[in-house]
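Report on the following structure.
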Amino acid sequence: MTGLWGSGPLALAGERTGQLQVIAGPMFAGKSEELMRRVRRAWLAGLSVEVVNHALDVRHGSRDVASHAGQRIPARSVPDAAGLAGLVAGQDLDLLAIDEAQFFGSDLVPVVTRLAGEGLTVVVSGLCVTFDGLPFEPLPALMALAEEVVKLTAVCSVCGRDAAFHVRVVPSGTPSTAGGAARAEHVGGTETYQARCRAHT
């Protein structure tokens with residue numbers, strides 16, 4: 001039976017086994033809401049939890065993790081993977097929850113895999129695709145290394161089908177032709193981005 005720690009037949013009695021859980025998808029898919037659901041369950045279980053958001057995400061006027069639907073939970077803000085490692089160093093945590101993981105870059109991968117190897121459950125939420133339809137590291141790498149991956153979809157703003165993508169739009173509502181890979185411009189909401197299915201990207 002798999003519980004919060006994913007303990008299986010190879011886990012010794014009383015031994016805490018860490019794991020990496022990834023929540024991925026496009027914008028407006030409910031990634032932060034799923035992260036918050038897992039955090040609240042851990043709180044109810046009386047576990048020691050640290051919630052972390054990237055310093056770039058100041059959309060909601062605070063450092064909280066917040067969803068587009070208006071839910072929020074308190075979080076600590078750090079600027080990079082090194083800051084994350086420093087924040088959790090010396091803490092006796094059961095669960096580390098990281099939102100907006102795409103902004104931490106590839107340096108996040110060794111940090112979270114080390115923490116999971118040390119017995120911590122790490123839940124990572126973030127965009128796995130850029131607004132121009134490219135893989136958004138480090139989420140693809142984290143998905144490959146995780147014990148559990150939840151890939152969510154949004155609702156296409158054009159046709160209502162499942163949307164695995166999002167596009168950056170100009171005021172007319174048409175997709176922006178501005179290219180470019182992962183960058184801070186992914187901070188935004190419905191005023192800047194729309195969820196789209198493959199047919200409407």
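Ordered as shown in the structure tokens, chains take letters A, B, and onward, while each chain numbers its residues from 1 and ligands are numbered from 1 in the order shown.
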Exercise: Ala97 of chain A partners within 9 Å, only C-alpha atoms, chain neighbours under 6 positions left out, as number ranges by chain: A: 35-36, 38-39, 49-53, 121-125
Any chance you can output those residues with N, CA and C atoms as a PDB file, in the first residue's frame?
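File written: again-v3.pdb
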ATOM      1  N   LEU A  35      -1.313  21.436  -5.748  1.00  0.00           N
ATOM      2  CA  LEU A  35      -0.223  21.566  -4.776  1.00  0.00           C
ATOM      3  C   LEU A  35      -0.778  21.928  -3.407  1.00  0.00           C
ATOM      4  N   MET A  36      -1.681  22.897  -3.373  1.00  0.00           N
ATOM      5  CA  MET A  36      -2.263  23.332  -2.104  1.00  0.00           C
ATOM      6  C   MET A  36      -3.085  22.222  -1.460  1.00  0.00           C
ATOM      7  N   ARG A  38      -2.466  19.051  -1.570  1.00  0.00           N
ATOM      8  CA  ARG A  38      -1.520  18.132  -0.927  1.00  0.00           C
ATOM      9  C   ARG A  38      -0.918  18.734   0.331  1.00  0.00           C
ATOM     10  N   VAL A  39      -0.657  20.029   0.301  1.00  0.00           N
ATOM     11  CA  VAL A  39      -0.124  20.699   1.488  1.00  0.00           C
ATOM     12  C   VAL A  39      -1.141  20.653   2.622  1.00  0.00           C
ATOM     13  N   VAL A  49       5.833  20.959   7.230  1.00  0.00           N
ATOM     14  CA  VAL A  49       5.739  21.326   5.816  1.00  0.00           C
ATOM     15  C   VAL A  49       6.396  22.680   5.578  1.00  0.00           C
ATOM     16  N   GLU A  50       7.128  22.785   4.478  1.00  0.00           N
ATOM     17  CA  GLU A  50       7.632  24.072   4.001  1.00  0.00           C
ATOM     18  C   GLU A  50       7.103  24.287   2.592  1.00  0.00           C
ATOM     19  N   VAL A  51       6.505  25.468   2.363  1.00  0.00           N
ATOM     20  CA  VAL A  51       5.968  25.820   1.047  1.00  0.00           C
ATOM     21  C   VAL A  51       6.818  26.946   0.484  1.00  0.00           C
ATOM     22  N   VAL A  52       7.251  26.771  -0.759  1.00  0.00           N
ATOM     23  CA  VAL A  52       8.179  27.720  -1.370  1.00  0.00           C
ATOM     24  C   VAL A  52       7.640  28.178  -2.721  1.00  0.00           C
ATOM     25  N   ASN A  53       7.774  29.469  -2.972  1.00  0.00           N
ATOM     26  CA  ASN A  53       7.426  30.048  -4.261  1.00  0.00           C
ATOM     27  C   ASN A  53       8.654  30.779  -4.794  1.00  0.00           C
ATOM     28  N   THR A 121       9.675  14.073   1.160  1.00  0.00           N
ATOM     29  CA  THR A 121       8.728  14.092   0.051  1.00  0.00           C
ATOM     30  C   THR A 121       8.725  15.496  -0.526  1.00  0.00           C
ATOM     31  N   VAL A 122       9.038  15.603  -1.806  1.00  0.00           N
ATOM     32  CA  VAL A 122       9.113  16.890  -2.491  1.00  0.00           C
ATOM     33  C   VAL A 122       8.014  16.926  -3.549  1.00  0.00           C
ATOM     34  N   VAL A 123       7.134  17.908  -3.444  1.00  0.00           N
ATOM     35  CA  VAL A 123       6.070  18.103  -4.424  1.00  0.00           C
ATOM     36  C   VAL A 123       6.399  19.358  -5.217  1.00  0.00           C
ATOM     37  N   VAL A 124       6.519  19.196  -6.519  1.00  0.00           N
ATOM     38  CA  VAL A 124       6.921  20.290  -7.398  1.00  0.00           C
ATOM     39  C   VAL A 124       5.789  20.570  -8.383  1.00  0.00           C
ATOM     40  N   SER A 125       5.427  21.839  -8.516  1.00  0.00           N
ATOM     41  CA  SER A 125       4.372  22.233  -9.451  1.00  0.00           C
ATOM     42  C   SER A 125       4.922  23.276 -10.410  1.00  0.00           C
TER      43      SER A 125
END
Long-range neighbours of segment 145-159 of chain A as a list of chain:residue names, 6 Å cut-off, only C-alpha atoms, 4 positions minimum in chain: A:Leu20, A:Gln21, A:Val22, A:Ile23, A:Ala24, A:Gly25, A:Phe28, A:Ala29, A:Ala163, A:Ala164, A:Ala195, A:Arg196, A:Cys197
Residue nearest Asp99 of chain A - candidates A:Gly160, A:Pro140, A:Gly126, A:Pro74, atoms counted: only C-alpha atoms: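 Result for the nearest residue to Asp99 of chain A: A:Gly126.
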Strand (DSSP E) residues, from DSSP on the backbone, in segment 68-117 of chain A, as a count of residues only: 9
Separation of atom CA of Arg168 of chain A from atom CA of Glu137 of chain A, in Å and rounded to one decimal: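 Separation of atom CA of Arg168 of chain A and atom CA of Glu137 of chain A: 18.3 Å.
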Closest of A:Asp92, A:Glu33, A:Glu191, A:Glu100 to Asp57 of chain A - atom-to-atom distances counting only C-alpha atoms: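 Ranked by minimum distance to Asp57 of chain A, first place goes to A:Glu100.
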Alpha helix (DSSP H) positions in segment 41-185 of chain A, given as a ChimeraX atom specification: /A:41-44,81-88,108-117,139-145
Please, could you write that set of residues out with C-alpha atoms as a compact mmCIF listing (two decimals), in the first residue's frame?
# COMPACT_ATOMS: atom_id res chain seq x y z
CA ARG A 41 -3.60 17.15 3.67
CA ALA A 42 -0.10 17.13 5.13
CA TRP A 43 -1.08 19.85 7.62
CA LEU A 44 -4.12 17.82 8.68
CA ALA A 81 17.70 26.72 -6.39
CA ALA A 82 20.63 27.63 -4.14
CA GLY A 83 18.32 29.79 -2.04
CA LEU A 84 15.87 26.90 -1.81
CA ALA A 85 18.60 24.53 -0.62
CA GLY A 86 19.69 27.07 1.98
CA LEU A 87 16.14 27.61 3.20
CA VAL A 88 15.50 23.94 3.96
CA LEU A 108 16.48 22.67 -9.27
CA VAL A 109 16.88 19.07 -10.47
CA PRO A 110 19.89 18.03 -8.34
CA VAL A 111 18.53 19.88 -5.30
CA VAL A 112 15.15 18.14 -5.21
CA THR A 113 16.52 14.72 -6.15
CA ARG A 114 19.04 14.99 -3.31
CA LEU A 115 16.33 15.98 -0.84
CA ALA A 116 14.10 13.11 -1.95
CA GLY A 117 17.06 10.76 -1.56
CA LEU A 139 9.75 20.21 -15.54
CA PRO A 140 10.42 17.60 -18.30
CA ALA A 141 13.55 16.42 -16.48
CA LEU A 142 11.75 16.33 -13.13
CA MET A 143 8.88 14.36 -14.67
CA ALA A 144 11.36 11.77 -15.90
CA LEU A 145 12.86 11.35 -12.41
Within 6 Å of Pro138 of chain A using only C-alpha atoms, minus same-chain residues under 3 positions, as a PDB file with N, CA and C atoms, in the first residue's frame:
ATOM      1  N   GLN A 102       9.241  26.141 -12.806  1.00  0.00           N
ATOM      2  CA  GLN A 102       9.923  26.436 -14.057  1.00  0.00           C
ATOM      3  C   GLN A 102      10.922  27.582 -13.917  1.00  0.00           C
ATOM      4  N   GLY A 105      14.886  26.868 -12.977  1.00  0.00           N
ATOM      5  CA  GLY A 105      15.854  26.392 -13.958  1.00  0.00           C
ATOM      6  C   GLY A 105      16.380  25.005 -13.645  1.00  0.00           C
ATOM      7  N   SER A 106      17.338  24.580 -14.436  1.00  0.00           N
ATOM      8  CA  SER A 106      17.854  23.215 -14.329  1.00  0.00           C
ATOM      9  C   SER A 106      18.571  22.942 -13.016  1.00  0.00           C
ATOM     10  N   ALA A 141      12.548  17.242 -17.167  1.00  0.00           N
ATOM     11  CA  ALA A 141      13.554  16.425 -16.476  1.00  0.00           C
ATOM     12  C   ALA A 141      13.016  15.910 -15.151  1.00  0.00           C
TER      13      ALA A 141
END
Counting only C-alpha atoms, the option among A:Phe104, A:Met27, A:Ala55, A:Leu134 closest to Val78 of chain A: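 Smallest distance to Val78 of chain A is found for A:Ala55.
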